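Data from model-v3.txt: compact mmCIF, C-alpha atoms and all ligand atoms
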# COMPACT_ATOMS: atom_id res chain seq x y z
CA MET A 1 -50.22 96.46 162.82
CA ARG A 2 -53.30 98.30 161.68
CA GLY A 3 -53.55 101.33 159.40
CA ALA A 4 -55.78 103.27 157.01
CA VAL A 5 -56.02 102.41 153.31
CA LEU A 6 -57.94 104.35 150.64
CA TYR A 7 -59.59 101.91 148.24
CA ALA A 8 -61.69 104.32 146.19
CA PRO A 9 -63.16 107.80 146.56
CA GLY A 10 -65.05 107.90 149.87
CA ASP A 11 -63.81 104.43 150.85
CA VAL A 12 -61.21 104.54 153.66
CA ARG A 13 -60.70 101.30 155.56
CA PHE A 14 -58.82 100.62 158.78
CA GLU A 15 -57.26 97.22 158.39
CA GLU A 16 -54.34 94.92 159.09
CA ARG A 17 -51.19 95.95 157.22
CA ALA A 18 -47.62 94.68 157.13
CA ASP A 19 -45.47 96.00 159.97
CA PRO A 20 -42.99 98.59 158.72
CA ILE A 21 -39.38 97.45 158.88
CA ILE A 22 -35.97 99.00 158.33
CA ILE A 23 -35.33 98.70 154.58
CA GLU A 24 -32.52 101.19 153.97
CA PRO A 25 -29.71 101.76 156.51
CA GLY A 26 -30.86 105.39 156.94
CA ASP A 27 -34.43 104.46 157.95
CA ALA A 28 -36.18 104.73 161.28
CA VAL A 29 -39.39 103.05 162.40
CA ILE A 30 -41.55 105.06 164.77
CA ARG A 31 -44.61 104.25 166.87
CA ILE A 32 -47.22 106.89 166.03
CA ALA A 33 -48.34 109.00 169.01
CA ALA A 34 -50.81 111.02 166.96
CA THR A 35 -51.69 111.56 163.31
CA CYS A 36 -54.42 113.46 161.47
CA VAL A 37 -56.32 114.01 158.24
CA CYS A 38 -54.94 116.70 155.91
CA GLY A 39 -56.97 118.93 153.61
CA SER A 40 -54.83 117.54 150.79
CA ASP A 41 -55.95 113.98 151.67
CA LEU A 42 -59.41 115.10 150.57
CA TRP A 43 -58.31 115.57 146.94
CA SER A 44 -58.02 111.77 146.64
CA TYR A 45 -60.92 111.06 148.99
CA ARG A 46 -63.16 113.16 146.74
CA GLY A 47 -61.82 111.49 143.58
CA ILE A 48 -60.34 114.76 142.25
CA ASN A 49 -56.95 113.00 142.30
CA PRO A 50 -57.54 109.54 140.81
CA VAL A 51 -57.32 106.47 143.08
CA THR A 52 -55.92 103.67 140.93
CA GLU A 53 -55.11 101.09 143.63
CA PRO A 54 -55.58 100.65 147.40
CA SER A 55 -53.17 103.16 148.97
CA PRO A 56 -52.03 103.60 152.58
CA THR A 57 -52.96 107.14 153.67
CA GLY A 58 -51.64 109.92 155.86
CA HIS A 59 -48.44 111.95 155.91
CA GLU A 60 -48.57 113.88 159.22
CA TYR A 61 -46.94 112.18 162.16
CA CYS A 62 -45.07 112.31 165.44
CA GLY A 63 -44.12 109.55 167.82
CA LEU A 64 -41.48 107.51 169.57
CA VAL A 65 -38.55 106.04 167.67
CA GLU A 66 -38.55 102.24 168.01
CA GLU A 67 -35.73 101.21 165.70
CA VAL A 68 -33.11 102.80 163.45
CA GLY A 69 -30.95 101.54 160.58
CA ARG A 70 -27.20 101.08 160.94
CA ASP A 71 -26.30 104.40 159.24
CA VAL A 72 -28.49 106.53 161.50
CA THR A 73 -26.35 108.58 163.89
CA THR A 74 -28.39 111.43 165.40
CA ILE A 75 -31.77 109.77 165.95
CA ARG A 76 -32.05 107.11 168.68
CA PRO A 77 -34.74 104.70 169.89
CA GLY A 78 -36.81 106.25 172.67
CA GLN A 79 -36.71 109.80 171.26
CA PHE A 80 -39.97 111.61 170.48
CA VAL A 81 -39.69 112.91 166.93
CA ILE A 82 -41.54 114.97 164.36
CA GLY A 83 -40.83 114.89 160.63
CA SER A 84 -42.01 116.32 157.35
CA PHE A 85 -44.27 114.69 154.75
CA PHE A 86 -41.22 114.52 152.48
CA ALA A 87 -38.12 112.76 153.79
CA SER A 88 -34.96 114.76 153.04
CA ASP A 89 -31.26 114.28 153.65
CA ASN A 90 -30.84 117.86 154.92
CA THR A 91 -27.35 117.98 153.38
CA CYS A 92 -27.80 118.46 149.61
CA PRO A 93 -27.65 121.95 148.03
CA HIS A 94 -31.46 122.38 148.05
CA CYS A 95 -31.73 121.31 151.67
CA ARG A 96 -28.90 123.64 152.69
CA ALA A 97 -30.74 126.46 150.94
CA GLY A 98 -33.77 125.70 153.10
CA PHE A 99 -35.91 123.93 150.52
CA GLN A 100 -35.93 120.40 151.93
CA THR A 101 -39.13 119.51 150.05
CA SER A 102 -37.01 119.82 146.87
CA CYS A 103 -34.25 117.61 148.33
CA GLN A 104 -32.25 115.80 145.64
CA HIS A 105 -33.01 112.58 147.55
CA ARG A 106 -36.53 113.37 148.73
CA GLU A 107 -39.02 110.60 149.28
CA PRO A 108 -42.70 111.00 150.16
CA VAL A 109 -43.63 109.67 153.60
CA VAL A 110 -46.88 107.76 153.23
CA GLY A 111 -49.00 105.58 155.46
CA ALA A 112 -48.84 107.73 158.60
CA GLN A 113 -52.48 107.04 159.53
CA SER A 114 -51.35 103.81 161.13
CA GLU A 115 -49.85 102.44 164.33
CA ARG A 116 -46.27 102.44 163.11
CA LEU A 117 -44.38 104.17 160.27
CA ARG A 118 -41.14 103.81 158.35
CA VAL A 119 -39.34 107.13 157.83
CA PRO A 120 -36.49 107.20 155.28
CA LEU A 121 -33.42 109.46 155.72
CA ALA A 122 -34.10 109.61 159.45
CA ASP A 123 -31.12 111.82 160.35
CA GLY A 124 -32.16 114.48 157.87
CA THR A 125 -35.91 114.20 158.24
CA LEU A 126 -36.67 113.81 161.93
CA VAL A 127 -36.22 116.35 164.72
CA ALA A 128 -36.43 115.20 168.35
CA THR A 129 -38.04 117.12 171.19
CA PRO A 130 -35.87 117.81 174.28
CA GLU A 131 -37.63 114.89 176.02
CA PRO A 132 -40.87 112.97 175.51
CA PRO A 133 -43.66 115.59 175.74
CA ASP A 134 -46.66 115.90 178.04
CA ALA A 135 -49.74 114.48 176.33
CA GLU A 136 -51.33 117.95 176.09
CA LEU A 137 -48.47 119.17 173.85
CA ILE A 138 -48.79 116.32 171.33
CA PRO A 139 -51.53 117.86 169.13
CA SER A 140 -49.53 121.08 168.71
CA LEU A 141 -46.32 119.16 168.01
CA LEU A 142 -48.17 117.09 165.41
CA THR A 143 -49.21 120.23 163.48
CA LEU A 144 -45.52 120.99 162.90
CA SER A 145 -45.32 117.92 160.65
CA ASP A 146 -47.28 119.76 157.96
CA VAL A 147 -50.13 122.15 158.61
CA MET A 148 -48.41 124.62 160.97
CA GLY A 149 -45.15 124.48 159.02
CA THR A 150 -47.14 125.11 155.85
CA GLY A 151 -48.97 128.12 157.30
CA TRP A 152 -45.62 129.43 158.57
CA PHE A 153 -44.03 128.97 155.15
CA ALA A 154 -46.93 130.85 153.53
CA ALA A 155 -46.16 133.81 155.80
CA VAL A 156 -42.39 133.55 155.18
CA ALA A 157 -42.96 133.31 151.41
CA ALA A 158 -45.26 136.35 151.49
CA LYS A 159 -42.48 138.21 153.35
CA VAL A 160 -44.60 139.14 156.36
CA GLU A 161 -42.91 141.77 158.51
CA PRO A 162 -43.90 143.62 161.69
CA GLY A 163 -46.66 146.15 161.15
CA MET A 164 -47.78 144.81 157.77
CA THR A 165 -51.36 144.29 156.66
CA VAL A 166 -51.72 140.61 155.81
CA ASN A 167 -54.60 139.04 153.93
CA VAL A 168 -55.22 135.30 154.30
CA VAL A 169 -57.26 133.56 151.59
CA GLY A 170 -58.63 130.29 152.97
CA ASP A 171 -60.02 129.42 156.38
CA GLY A 172 -59.02 125.76 156.48
CA ALA A 173 -56.43 124.57 158.98
CA VAL A 174 -53.50 125.92 156.94
CA GLY A 175 -55.12 129.33 156.49
CA LEU A 176 -55.94 129.57 160.19
CA LEU A 177 -52.37 128.66 161.14
CA GLY A 178 -51.12 131.12 158.51
CA MET A 179 -52.96 133.76 160.56
CA LEU A 180 -51.30 132.51 163.75
CA SER A 181 -47.93 132.66 161.94
CA ALA A 182 -48.49 136.19 160.64
CA ALA A 183 -49.53 137.33 164.12
CA ARG A 184 -46.40 135.75 165.61
CA MET A 185 -44.30 137.59 162.98
CA GLY A 186 -45.79 140.90 164.13
CA ALA A 187 -48.37 141.67 161.44
CA GLY A 188 -50.24 144.86 162.32
CA ARG A 189 -53.49 143.81 160.73
CA ILE A 190 -54.69 140.37 159.58
CA ILE A 191 -57.66 140.07 157.25
CA ALA A 192 -59.26 136.62 157.27
CA MET A 193 -61.34 135.72 154.23
CA SER A 194 -63.87 133.34 155.78
CA ARG A 195 -67.57 132.64 155.50
CA HIS A 196 -67.89 130.03 158.23
CA GLU A 197 -68.70 131.17 161.74
CA PRO A 198 -66.74 128.62 163.83
CA ARG A 199 -63.70 129.28 161.64
CA GLN A 200 -64.12 133.05 161.96
CA LYS A 201 -64.02 132.67 165.74
CA LEU A 202 -60.82 130.63 165.65
CA ALA A 203 -59.36 133.13 163.15
CA LEU A 204 -59.93 135.94 165.64
CA ASP A 205 -58.38 133.82 168.42
CA PHE A 206 -55.32 133.22 166.24
CA GLY A 207 -54.83 136.94 165.63
CA ALA A 208 -57.11 137.99 162.76
CA THR A 209 -58.34 141.57 163.12
CA ASP A 210 -60.83 141.75 160.25
CA ILE A 211 -63.16 139.20 158.66
CA VAL A 212 -64.15 139.37 154.99
CA ALA A 213 -67.00 137.00 154.12
CA GLU A 214 -67.28 138.05 150.47
CA ARG A 215 -65.49 136.09 147.73
CA GLY A 216 -64.25 136.75 144.21
CA ASP A 217 -64.40 140.34 142.96
CA ASP A 218 -66.51 141.37 145.96
CA GLY A 219 -63.90 139.93 148.32
CA VAL A 220 -61.11 141.80 146.53
CA ALA A 221 -63.15 145.02 146.65
CA ARG A 222 -63.68 144.57 150.39
CA VAL A 223 -59.94 144.10 151.02
CA LYS A 224 -59.24 147.23 148.97
CA ASP A 225 -61.85 149.12 151.03
CA LEU A 226 -60.17 148.02 154.25
CA THR A 227 -56.75 149.15 153.02
CA GLY A 228 -57.63 152.60 151.66
CA GLY A 229 -57.70 151.27 148.10
CA VAL A 230 -54.10 150.02 148.31
CA GLY A 231 -54.34 146.26 148.85
CA ALA A 232 -52.62 144.04 151.42
CA ASP A 233 -48.83 144.13 151.89
CA ALA A 234 -48.63 140.34 152.05
CA VAL A 235 -51.16 137.70 151.03
CA LEU A 236 -51.26 134.04 152.04
CA GLU A 237 -53.04 131.81 149.51
CA CYS A 238 -54.06 128.64 151.33
CA VAL A 239 -56.65 127.00 149.05
CA GLY A 240 -55.26 126.21 145.61
CA THR A 241 -58.18 126.95 143.31
CA ALA A 242 -58.18 129.34 140.36
CA GLU A 243 -60.62 131.59 142.21
CA SER A 244 -58.56 131.77 145.39
CA MET A 245 -55.32 132.44 143.51
CA THR A 246 -56.91 135.25 141.50
CA GLN A 247 -58.37 136.68 144.69
CA ALA A 248 -54.91 136.54 146.30
CA ILE A 249 -53.09 138.30 143.48
CA LEU A 250 -55.74 141.00 142.98
CA SER A 251 -55.89 141.83 146.69
CA THR A 252 -52.09 142.35 146.96
CA ARG A 253 -50.65 145.84 146.68
CA PRO A 254 -48.21 146.51 143.83
CA GLY A 255 -44.83 145.39 145.16
CA GLY A 256 -46.38 142.98 147.66
CA PHE A 257 -45.86 139.22 147.78
CA VAL A 258 -48.21 136.25 147.66
CA GLY A 259 -47.14 133.09 149.49
CA PHE A 260 -49.12 130.21 147.97
CA VAL A 261 -49.32 126.85 149.66
CA GLY A 262 -52.65 125.46 148.46
CA VAL A 263 -51.83 122.67 146.01
CA PRO A 264 -52.91 124.24 142.69
CA HIS A 265 -55.84 122.62 140.93
CA GLY A 266 -56.77 124.35 137.67
CA VAL A 267 -54.76 127.50 138.44
CA GLU A 268 -53.60 129.43 135.36
CA ILE A 269 -52.26 132.95 135.72
CA PRO A 270 -52.22 135.14 132.58
CA GLY A 271 -48.68 136.45 132.16
CA VAL A 272 -49.85 139.95 131.32
CA ASP A 273 -51.95 140.18 134.51
CA LEU A 274 -48.98 139.04 136.55
CA PHE A 275 -46.65 141.46 134.74
CA TYR A 276 -48.77 144.54 135.39
CA SER A 277 -49.65 143.56 138.97
CA HIS A 278 -46.08 144.07 140.27
CA VAL A 279 -46.86 141.21 142.64
CA GLY A 280 -44.22 138.64 143.66
CA LEU A 281 -45.13 134.97 143.98
CA ARG A 282 -43.42 132.25 146.01
CA GLY A 283 -45.00 128.94 146.88
CA GLY A 284 -44.73 125.20 146.77
CA PRO A 285 -44.74 122.28 149.17
CA ALA A 286 -43.63 123.86 152.42
CA PRO A 287 -40.09 122.98 153.52
CA VAL A 288 -41.40 122.32 157.02
CA ARG A 289 -38.10 120.66 157.97
CA ARG A 290 -36.48 124.13 157.87
CA PHE A 291 -38.87 125.43 160.52
CA LEU A 292 -39.07 122.38 162.82
CA PRO A 293 -36.39 123.40 165.37
CA GLU A 294 -37.80 126.92 165.76
CA LEU A 295 -41.45 125.81 165.88
CA ILE A 296 -40.75 122.95 168.30
CA ASP A 297 -39.19 125.57 170.63
CA LEU A 298 -42.26 127.79 170.39
CA VAL A 299 -44.64 124.91 171.17
CA TRP A 300 -42.36 123.49 173.88
CA ASN A 301 -42.25 126.89 175.62
CA ARG A 302 -46.04 127.22 175.21
CA GLU A 303 -45.75 130.37 173.14
CA ILE A 304 -48.02 129.06 170.37
CA ASP A 305 -50.80 126.49 170.50
CA PRO A 306 -51.50 125.46 166.90
CA GLY A 307 -53.11 122.22 168.14
CA ARG A 308 -56.27 124.24 168.73
CA VAL A 309 -56.97 123.77 165.04
CA PHE A 310 -58.12 120.20 165.78
CA ASP A 311 -61.83 120.38 166.50
CA LEU A 312 -62.49 116.64 166.28
CA THR A 313 -60.52 113.89 168.03
CA LEU A 314 -61.17 110.24 167.18
CA PRO A 315 -59.54 106.90 167.84
CA LEU A 316 -57.41 105.97 164.81
CA ALA A 317 -59.74 103.01 164.20
CA GLN A 318 -62.46 105.55 163.28
CA VAL A 319 -60.30 107.22 160.64
CA ALA A 320 -63.11 106.86 158.05
CA ASP A 321 -65.37 109.03 160.23
CA GLY A 322 -62.57 111.58 160.42
CA TYR A 323 -62.43 111.86 156.63
CA ARG A 324 -66.20 112.07 156.35
CA ALA A 325 -66.43 114.89 158.90
CA MET A 326 -63.82 116.96 157.06
CA ASP A 327 -65.31 116.19 153.65
CA GLN A 328 -68.70 117.42 154.87
CA ARG A 329 -67.09 120.45 156.55
CA GLN A 330 -68.32 119.32 159.97
CA ALA A 331 -64.72 119.45 161.20
CA ILE A 332 -61.83 121.77 160.42
CA LYS A 333 -59.25 119.07 161.12
CA THR A 334 -59.43 115.61 162.63
CA LEU A 335 -56.88 114.40 165.20
CA LEU A 336 -56.43 110.61 165.26
CA LEU A 337 -55.05 108.79 168.29
CA PRO A 338 -53.87 105.15 168.00
ZN ZN B 1 -31.44 117.25 150.37

Could you quickly redo this structure as structure tokens?
Ligand SMILES: [Zn+2]
Amino acid sequence: MRGAVLYAPGDVRFEERADPIIIEPGDAVIRIAATCVCGSDLWSYRGINPVTEPSPTGHEYCGLVEEVGRDVTTIRPGQFVIGSFFASDNTCPHCRAGFQTSCQHREPVVGAQSERLRVPLADGTLVATPEPPDAELIPSLLTLSDVMGTGWFAAVAAKVEPGMTVNVVGDGAVGLLGMLSAARMGAGRIIAMSRHEPRQKLALDFGATDIVAERGDDGVARVKDLTGGVGADAVLECVGTAESMTQAILSTRPGGFVGFVGVPHGVEIPGVDLFYSHVGLRGGPAPVRRFLPELIDLVWNREIDPGRVFDLTLPLAQVADGYRAMDQRQAIKTLLLP
């Protein structure tokens, strides 16, 4: 089969790779229906995370099960499935508490930007749709593998409740879907911190009510202005830089919560600032497995359409162009079809 491999910063190649096979008795092999490029893939693509050897890329996936190992009981060949970027058993204490990305047996799922994929712990990791979906639903179902589940987790972690004022820091795909999530949870007002016009438009479509283009101290001041000097009740931090994290904490009202899902790069929070802010923090790699059943229902019943976040669709063979477009901010998120 063919798949994408990152050789060095900026160097993604689509090439012949070994066909995935069942290795452990709990594995499944799926044929990819759609995959995509994640904002977090860009950390390696840009050389911010070191690339030490050629590495298969991609961790967002959905598709048809082709084969399962002998211990797999709930997942069957022919089912259309979606899974998280971390495989999890869904039975250990951390999974039962809803934090499957901290599973005691977790394994990263890598190499999803390919024609086929091995998924470990298939019973715990994969969730099947009621039947194979219409093609038009596939992009939205794919987002549940990471980006939509991550935006949803940001809103859950920030304790969004009906009527709240929610501030979203970051207008990438996760931030935009964090806005969709907050809207779905009944937020009364959603402030989108965004400087880019096409993203502002999508933000408004997804439920944002106010746009703040300023950043840093000016951005915080603007959020305070919009909230009568109080700050937002809940803040979703969807970037992961020191600046965005500071902006998130300072724009939250005392007693409010920040849900942070941007992978931190260079973030250091002074303890004293945190202490006197009265702000609660909860973040981490989103346990998207927890939300899959509920989010699949919402997509299946056409109540949410997170697939709108894909503004570029390419054949999988052009995966390198997909990275380039996102790196140069010409695309919000690239959908790849084998
Ligand atoms: Zn577990």

Exercise answer, 7 Å around ligand ZN 1 (chain B) with all atoms listed in the file, as a compact mmCIF listing (two decimals) with C-alpha atoms, keeping the file's coordinate frame:
# COMPACT_ATOMS: atom_id res chain seq x y z
CA SER A 88 -34.96 114.76 153.04
CA ASP A 89 -31.26 114.28 153.65
CA ASN A 90 -30.84 117.86 154.92
CA THR A 91 -27.35 117.98 153.38
CA CYS A 92 -27.80 118.46 149.61
CA PRO A 93 -27.65 121.95 148.03
CA HIS A 94 -31.46 122.38 148.05
CA CYS A 95 -31.73 121.31 151.67
CA GLN A 100 -35.93 120.40 151.93
CA CYS A 103 -34.25 117.61 148.33
CA GLN A 104 -32.25 115.80 145.64
CA HIS A 105 -33.01 112.58 147.55
CA ARG A 106 -36.53 113.37 148.73

Long-range neighbours of stretch 233-242 of chain A as a ChimeraX atom specification, 7 Å cut-off, only C-alpha atoms, 6 positions minimum in chain: /A:154-155,158-160,164-170,174-175,248,252-253,256-268

field: Spatial sel., origin (-35.7, 112.2, 160.5), limit 8 Å, all atoms listed in the file, listed as an MDAnalysis selection string
entry: chainID A and resid 28 75 81:83 87:88 119:127

Take the residues that were just selected and, keeping C-alpha atoms, output them as a short mmCIF file (atom, residue, chain, number, x, y, z; two decimals), in the frame of the given file.
data_model
loop_
_atom_site.label_atom_id
_atom_site.label_comp_id
_atom_site.auth_asym_id
_atom_site.auth_seq_id
_atom_site.Cartn_x
_atom_site.Cartn_y
_atom_site.Cartn_z
CA ALA A 28 -36.18 104.73 161.28
CA ILE A 75 -31.77 109.77 165.95
CA VAL A 81 -39.69 112.91 166.93
CA ILE A 82 -41.54 114.97 164.36
CA GLY A 83 -40.83 114.89 160.63
CA ALA A 87 -38.12 112.76 153.79
CA SER A 88 -34.96 114.76 153.04
CA VAL A 119 -39.34 107.13 157.83
CA PRO A 120 -36.49 107.20 155.28
CA LEU A 121 -33.42 109.46 155.72
CA ALA A 122 -34.10 109.61 159.45
CA ASP A 123 -31.12 111.82 160.35
CA GLY A 124 -32.16 114.48 157.87
CA THR A 125 -35.91 114.20 158.24
CA LEU A 126 -36.67 113.81 161.93
CA VAL A 127 -36.22 116.35 164.72
#

Take the point (-51.7, 124.0, 159.3) as written in the file and pick out every residue within 8 Å of it, counting only C-alpha atoms; give the list as an mmCIF file with C-alpha atoms, in the frame of the given file.
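So point25.cif came out as:
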data_model
loop_
_atom_site.group_PDB
_atom_site.id
_atom_site.type_symbol
_atom_site.label_atom_id
_atom_site.label_comp_id
_atom_site.auth_asym_id
_atom_site.auth_seq_id
_atom_site.Cartn_x
_atom_site.Cartn_y
_atom_site.Cartn_z
ATOM 1 C CA THR A 143 -49.210 120.230 163.480
ATOM 2 C CA LEU A 144 -45.520 120.990 162.900
ATOM 3 C CA ASP A 146 -47.280 119.760 157.960
ATOM 4 C CA VAL A 147 -50.130 122.150 158.610
ATOM 5 C CA MET A 148 -48.410 124.620 160.970
ATOM 6 C CA GLY A 149 -45.150 124.480 159.020
ATOM 7 C CA THR A 150 -47.140 125.110 155.850
ATOM 8 C CA GLY A 151 -48.970 128.120 157.300
ATOM 9 C CA ALA A 173 -56.430 124.570 158.980
ATOM 10 C CA VAL A 174 -53.500 125.920 156.940
ATOM 11 C CA GLY A 175 -55.120 129.330 156.490
ATOM 12 C CA LEU A 176 -55.940 129.570 160.190
ATOM 13 C CA LEU A 177 -52.370 128.660 161.140
ATOM 14 C CA GLY A 178 -51.120 131.120 158.510
ATOM 15 C CA PRO A 306 -51.500 125.460 166.900
ATOM 16 C CA VAL A 309 -56.970 123.770 165.040
#

List as a PDB file with C-alpha atoms, keeping the file's coordinate frame the protein and nucleic acid residues near A:Asp19, meaning an atom at most 12 Å away when only C-alpha atoms are counted, but skip any in the same chain fewer than 4 places from it.
ATOM      1  CA  MET A   1     -50.220  96.460 162.820  1.00  0.00           C
ATOM      2  CA  ARG A   2     -53.300  98.300 161.680  1.00  0.00           C
ATOM      3  CA  GLY A   3     -53.550 101.330 159.400  1.00  0.00           C
ATOM      4  CA  GLU A  15     -57.260  97.220 158.390  1.00  0.00           C
ATOM      5  CA  ILE A  23     -35.330  98.700 154.580  1.00  0.00           C
ATOM      6  CA  VAL A  29     -39.390 103.050 162.400  1.00  0.00           C
ATOM      7  CA  ILE A  30     -41.550 105.060 164.770  1.00  0.00           C
ATOM      8  CA  ARG A  31     -44.610 104.250 166.870  1.00  0.00           C
ATOM      9  CA  GLY A 111     -49.000 105.580 155.460  1.00  0.00           C
ATOM     10  CA  SER A 114     -51.350 103.810 161.130  1.00  0.00           C
ATOM     11  CA  GLU A 115     -49.850 102.440 164.330  1.00  0.00           C
ATOM     12  CA  ARG A 116     -46.270 102.440 163.110  1.00  0.00           C
ATOM     13  CA  LEU A 117     -44.380 104.170 160.270  1.00  0.00           C
ATOM     14  CA  ARG A 118     -41.140 103.810 158.350  1.00  0.00           C
TER      15      ARG A 118
END

task: Mind checking which residues fall within 12 Å of A:Arg324, counting only C-alpha atoms, ignoring those fewer than 3 positions away in the same chain, and posting them as a PyMOL selection string?
output: chain A and resi 9-12+37+39+41-42+45-46+312+318-321+327-334

query: Taking only C-alpha atoms into account, which of A:Gly207, A:Gly283, A:Pro198, A:Gly78 comes nearest A:Gly186?
result: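 That would be A:Gly207, the residue with the smallest distance to A:Gly186.
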
Of the listed residues A:Gly322, A:Pro315, A:Gly26, A:Pro287, that which approaches A:Trp152 most closely, counting only C-alpha atoms: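 Looking only at the distances to A:Trp152, the closest residue turns out to be A:Pro287.
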
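Separating atom CA of A:Gln200 from atom CA of A:Asp171 is a distance of 7.8 Å.
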
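Atom to atom, atom CA of A:Gly163 and atom CA of A:Leu281 stand 20.5 Å apart.
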
Nearest candidate to A:Thr57 (options A:Phe206, A:Tyr276, A:Phe291, A:Tyr7; using only C-alpha atoms): A:Tyr7
